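Q: Sharing a structure below in structure tokens format, with a few things to ask.
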Protein chains: 2
Amino acid sequence: MELVLINGQWREADASGDFQAENPATRELLPERYPISSWPDCEAALNAAVAAAEELRRTPPGQIGQFLEIMADRIDAGRDELVAIAQRETALPAKPRLADVELPRTTNQLRQAAAAARQISWAMPTIDVKANIRSLFEPIGPVCVMGPNNFPFAFNGAAGGDFAAAIAAGNPVIAKGHPSHPGTTRYLAEAARAAAEDAGLPRGTVQLLYRLDRADGMRLVADSRLGATAFTGSRQAGLQLKAAADAAGKPIYLEMSSINPVVILPQALAKRGPEIADQFCQSCLAGVGQFCTNPGLVVLIQGTEGESFIATVAERFRAAPVGTLLSSGVATALGKGIETLHSAGAHILVGGLPGGGAGHSFANTLLRVSGKTFLADPHGLQTEAFGNASLVVVAADVAEAARVIDSLEGNLTGTIYSDSAGDDDTAYRAIAARLRSKVGRLLNDKMPTGVAVSPAMNHGGPYPATGHAGFTAVGIPASLRRFAVLACYDNVRLDRLPPPLANKNPTGKTWRSIDGVWTQADVA
Amino acid sequence: MELVLINGQWREADASGDFQAENPATRELLPERYPISSWPDCEAALNAAVAAAEELRRTPPGQIGQFLEIMADRIDAGRDELVAIAQRETALPAKPRLADVELPRTTNQLRQAAAAARQISWAMPTIDVKANIRSLFEPIGPVCVMGPNNFPFAFNGAAGGDFAAAIAAGNPVIAKGHPSHPGTTRYLAEAARAAAEDAGLPRGTVQLLYRLDRADGMRLVADSRLGATAFTGSRQAGLQLKAAADAAGKPIYLEMSSINPVVILPQALAKRGPEIADQFCQSCLAGVGQFCTNPGLVVLIQGTEGESFIATVAERFRAAPVGTLLSSGVATALGKGIETLHSAGAHILVGGLPGGGAGHSFANTLLRVSGKTFLADPHGLQTEAFGNASLVVVAADVAEAARVIDSLEGNLTGTIYSDSAGDDDTAYRAIAARLRSKVGRLLNDKMPTGVAVSPAMNHGGPYPATGHAGFTAVGIPASLRRFAVLACYDNVRLDRLPPPLANKNPTGKTWRSIDGVWTQADVA
């Protein structure tokens with residue numbers, strides 16, 4: 001019997017079919033079967049979520065915080081089992097990646113979200129005392145979280161960053177698991193279910209569907225009962241969902257694609273080329289390149305230092321072991337991406353062919369193109385090749401590099417390496433001004449693959465990297481505000497206000513803007 | 001020669017035709033002719049706006065504040081002339097409405113926006129000291145502001161709330177004037193042009209096109225050079241523009257339609273029915289009902305007090321002078337709206353026919369329907385009849401009133417009148433919980449037509465009242481953040497950070513979140 005989690009119970013799915021995950025390292029199907037839900041499962045989940053949303057609105061934030069903390073504790077306690085499941089489904093290394101990096105990141109996110117829920121400052125309570133007009137962000141309603149393939153824990157629909165943000169903002173979550181790691185998602189959803197029970201949250205707080213056909217997915221994100229959707233995945237799928245949600249006036253927060261340009265300026269290259277090459281190879285091949293912020297495009301200025309950098313990286317790419325990709329789909333898409341870059345005029349310096357590692361794999365691939373050729377087909381040459389591949393653009397000069405930057409679509413990140421002594425500063429200014437408008441996060445002298453869970457983080461950026469450049473998917477409390485609506489109380493009697501807008505500070509620690517002053521004090 | 005304002009100059013339009021405004025009170029065409037711009041005008045405006053946006057990014061916020069203040073002063077200085085022009089084009093009373101209410105509101109908005117630009121707190125600079133990750137909201141790029149017919153000053157594309165917010169956030173504006181008051185818009189745009197010159201802002205800071213054909217409008221909001229669009233107007237036009245902008249991944253902030261339900265609970269009706277009837281009639285007929293927050297739907301519980309309220313209002317509507325509507329289009333749409341309500345089962349108690357006032361007019365109209373009938377066709381019976389008309393729903397009991405509320409689409413506002421002594425409190429709780437999720441602003445004991453320019457205001461609400469319930473069109477600083485993107489600086493060297501993210505507070509007064517604490521201090 002194939003089960004989905006609906007309204008607090010693992011119950012038989014109304015399935016149109018089923019599927020099995022694969023062990024990417026052996027290409028063997030794993031034994032468990034999971035259902036492809038048909039619309040009645042969505043219907044049941046939506047109805048339960050609506051009921052849960054109503055109850056959550058009356059639930060003290062501390063209880064929501066408690067849920068998130070219990071869930072984090074349960075995940076920590078089940079670490080070995082969870083890592084084993086995920087390792088089998090993703091072929092990501094158990095250590096350090098899954099056990100020592102991604103799992104702690106995930107529980108840390110849940111605990112940060114719990115603290116944010118308890119403090120309430122995320123809601124930005126704003127009080128105009130004299131006019132007695134008060135407003136704050138309130139929960140948006142049931143959130144559908146569609147997780148990606150590449151972070152089985154940290155972006156999982158049933159436990160990751162979007163999940164934590166949606167819950168901390170007071171919303172129930174309908175998780176749509178990624179079909180490449182259903183067992184991992186099941187484990188996490190069960191941790192959530194048990195934690196909800198422990199914390200006394202409504203039964204529909206966390207629900208899980210594994211897989212939907214395309215039409216049902218589009219229907220789900222457009223459903224009037226849903227508050228919003230968070231999606232991390234391919235541009236193609238994201239844009240289809242966006243069209244459906246937009247037509248219904250439903251917010252959808254998308255993180256779709258990014259090639260994360262890295263510009264290495266001449267004096268930085270001259271003075272510390274080998275060190276940067278080191279950082280680049282590590283960043284580009286980590287996780288077999290399967291990070292949203294993987295540096296997929298490097299821009300250099302032509303010259304002997306650039307040639308030396310390219311030669312070093314090519315050598316490293318050739319020598320480095322080839323990792324296992326997350327799925328046959330990733331391997332195929334990577335091959336297609338590289339083929340598109342090649343057809344558009346890029347030369348393959350290293351790699352370019354499937355295989356070389358266990359299971360689904362593709363050779364570490366480095367491509368090269370001149371700035372001039374890039375500018376002749378910027379569309380084709382900024383095709384994302386998701387995985388262990390990168391394209392080096394050799395520009396004739398800084399002005400041409402700037403035009404390359406101008407030709408880019410929106411990206412999550414943009415990085416500039418420059419000389420520490422200031423010898424690249426003129427070039428820096430020219431490049432940074434252009435790169436700034438193309439990316440959500442501008443970095444100096446550091447590869448973009450680390451995405452710290454910091455209040456100042458922006459894991460977002462201009463379309464088509466995301467659907468709206470004003471929001472971030474990582475970083476608390478800002479990520480919570482995606483799943484909220486602005487709610488104003490005008491002349492509402494004091495005893496009817498929600499606690500965060502009462503004269504008394506609801507926690508003694510909540511930051512509120514009172515007559516234009518941010519304070520933790522009560523209304524005077 | 002018909003001129004548009006492009007790149008700081010009034011220059012001949014590339015026009016596909018022209019149009020004249022009408023004096024709604026006399027139905028006479030006014031003599032001036034204005035161009036219908038064809039695409040080359042948009043093209044020129046977009047290019048100038050891109051150049052201006054780049055320059056504005058390097059302009060100190062104080063200079064932008066100065067521009068807004070000079071513009072406000074110019075408008076104040078030209079008050080009599082401006083009011084005369086607007087009065088002729090809109091038939092709105094010169095006094096008090098245009099001269100004493102709307103014009104001061106407009107200059108107040110400009111000055112509040114100036115103060116916000118100077119203080120920079122709107123940008124929410126956020127600093128993680130240890131990780132050296134810092135972020136803030138930065139300008140989104142050229143903003144197209146499409147103003148509505150009903151506030152020739154306060155929501156004018158070249159001077160109103162959206163304009164002020166877009167400019168204060170550091171963006172140039174391409175104003176698309178409303179064709180019903182082109183002379184007013186020209187006057188305001190000239191005030192902006194002159195103020196930009198005085199303040200030394202780029203020539204493309206404020207530009208004006210009067211009218212576009214539909215296809216060019218859709219092309220404009222989707223253009224890659226544009227940052228975002230703000231639109232206030234009809235749902236039909238808004239949804240067309242939304243579809244075009246959404247498909248291109250361009251933010252568009254829409255304020256489209258709202259019937260602003262007002263629920264009057266039994267004991268409030270019993271104890272102060274006449275007073276509430278007074279407030280209602282004044283609110284509903286003010287500005288000939290042509291406010292976004294006009295109370296178009298009143299929900300009562302059946303009984304003698306309700307009948308008495310309805311009789312009082314009917315009498316007042318019959319006796320009140322019939323005002324002049326803004327245009328023949330408004331009169332026609334009002335008639336159609338009333339016809340739709342009538343066809344769906346509402347009875348016309350008063351009015352229902354065109355005429356009765358000077359020029360374009362329509363009788364003050366009061367309709368009535370039972371809760372049961374409403375619930376049989378909630379779609380038809382919540383049709384907006386924009387103007388001096390309102391529908392009273394007489395519900396059998398509070399439970400039925402609650403179902404009526406449940407059947408509503410998203411609205412800007414929702415109001416509940418309840419007994420001051422607490423005798424309606426049970427009913428209040430039932431209604432308020434439902435109404436809250438349907439509206440952006442919940443009011444007690446006060447009609448919704450006043451929209452204070454307060455930091456706590458929300459002039460927004462769930463779709464289809466607007467396009468995204470997280471944003472407000474009125475209220476500073478929140479309204480500025482619509483026209484901004486989140487920009488993160490990760491490990492960026494201190495001397496390269498934008499001033500609001502430097503260790504030193506850029507103004508000594510800017511509120512910044514440093515390691516989770518809102519403060520005006522420097523980084524320690």
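Simple scheme: letters A, B, ... for chains in structure tokens order, numbers from 1 for residues in each chain, numbers from 1 for ligands in the order shown.
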List every residue of chain B that has an atom at most 6 Å from any atom of chain A, and for each one report the closest atom pair and its distance in Å to one decimal, counting only C-alpha atoms, with rows sorted by chain and then by increasing residue number, as CSV.
A:
residue,atom,partner,partner_atom,distance
B:Thr126,CA,A:Ala456,CA,5.4
B:Ile127,CA,A:Ala456,CA,5.8
B:Asp128,CA,A:Ala456,CA,5.9
B:Ile133,CA,A:Ala456,CA,5.7
B:Arg134,CA,A:Ala456,CA,5.1
B:Ser135,CA,A:Ala456,CA,5.3
B:Gly249,CA,A:Tyr463,CA,5.9
B:Gly440,CA,A:Ala487,CA,5.4
B:Arg441,CA,A:Cys488,CA,4.5
B:Leu442,CA,A:Tyr489,CA,5.0
B:Leu443,CA,A:Asp490,CA,4.7
B:Asn444,CA,A:Val492,CA,4.8
B:Ala456,CA,A:Arg134,CA,5.1
B:Asn458,CA,A:Cys488,CA,5.6
B:Tyr463,CA,A:Gly249,CA,5.9
B:Ala469,CA,A:Val485,CA,5.1
B:Gly470,CA,A:Val485,CA,4.4
B:Val485,CA,A:Gly470,CA,4.4
B:Leu486,CA,A:Gly470,CA,4.9
B:Ala487,CA,A:Gly440,CA,5.3
B:Cys488,CA,A:Arg441,CA,4.5
B:Tyr489,CA,A:Leu442,CA,5.0
B:Asp490,CA,A:Leu443,CA,4.7
B:Asn491,CA,A:Asn444,CA,5.5
B:Val492,CA,A:Asn444,CA,4.9
Q: Let's see if you can do this: from backbone DSSP, list all strand (DSSP E) residues in range 379-466 of chain B, as an MDAnalysis selection string.
A: chainID B and resid 389:395 411:417 439:444
Q: Find the residues around Ala524 in chain B up to 9 Å (only C-alpha atoms counted), leave out those fewer than 2 positions away in its own chain, and share them as a list in words.
A: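 Those residues are Asn503, Lys504, Ala521 and Asp522 of chain B.
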Q: So that I can see what lies close to Asn388 in chain B, please list as number ranges by chain the residues with an atom at most 9 Å from it, counting only C-alpha atoms and leaving out residues fewer than 5 positions away in the same chain.
A: B: 284-290, 294, 296, 322-323, 325, 334, 362-366
Q: Please compute the CA of Ala158 in chain B-CA of Ser37 in chain B distance, one decimal, in Å.
A: 16.6 Å
Q: Applying 8 Å and only C-alpha atoms, which residues near Asn505 in chain B remain after dropping the ones on its own chain fewer than 3 positions away? List them as a VMD selection string.
A: chain B and resid 499 to 502 508 to 510 520 to 523
Q: Could you pull out the alpha helix (DSSP H) residues of range 262-445 of chain A from DSSP and send them as a ChimeraX atom specification?
A: /A:266-285,304-319,328-343,371-376,378-381,398-406,425-436
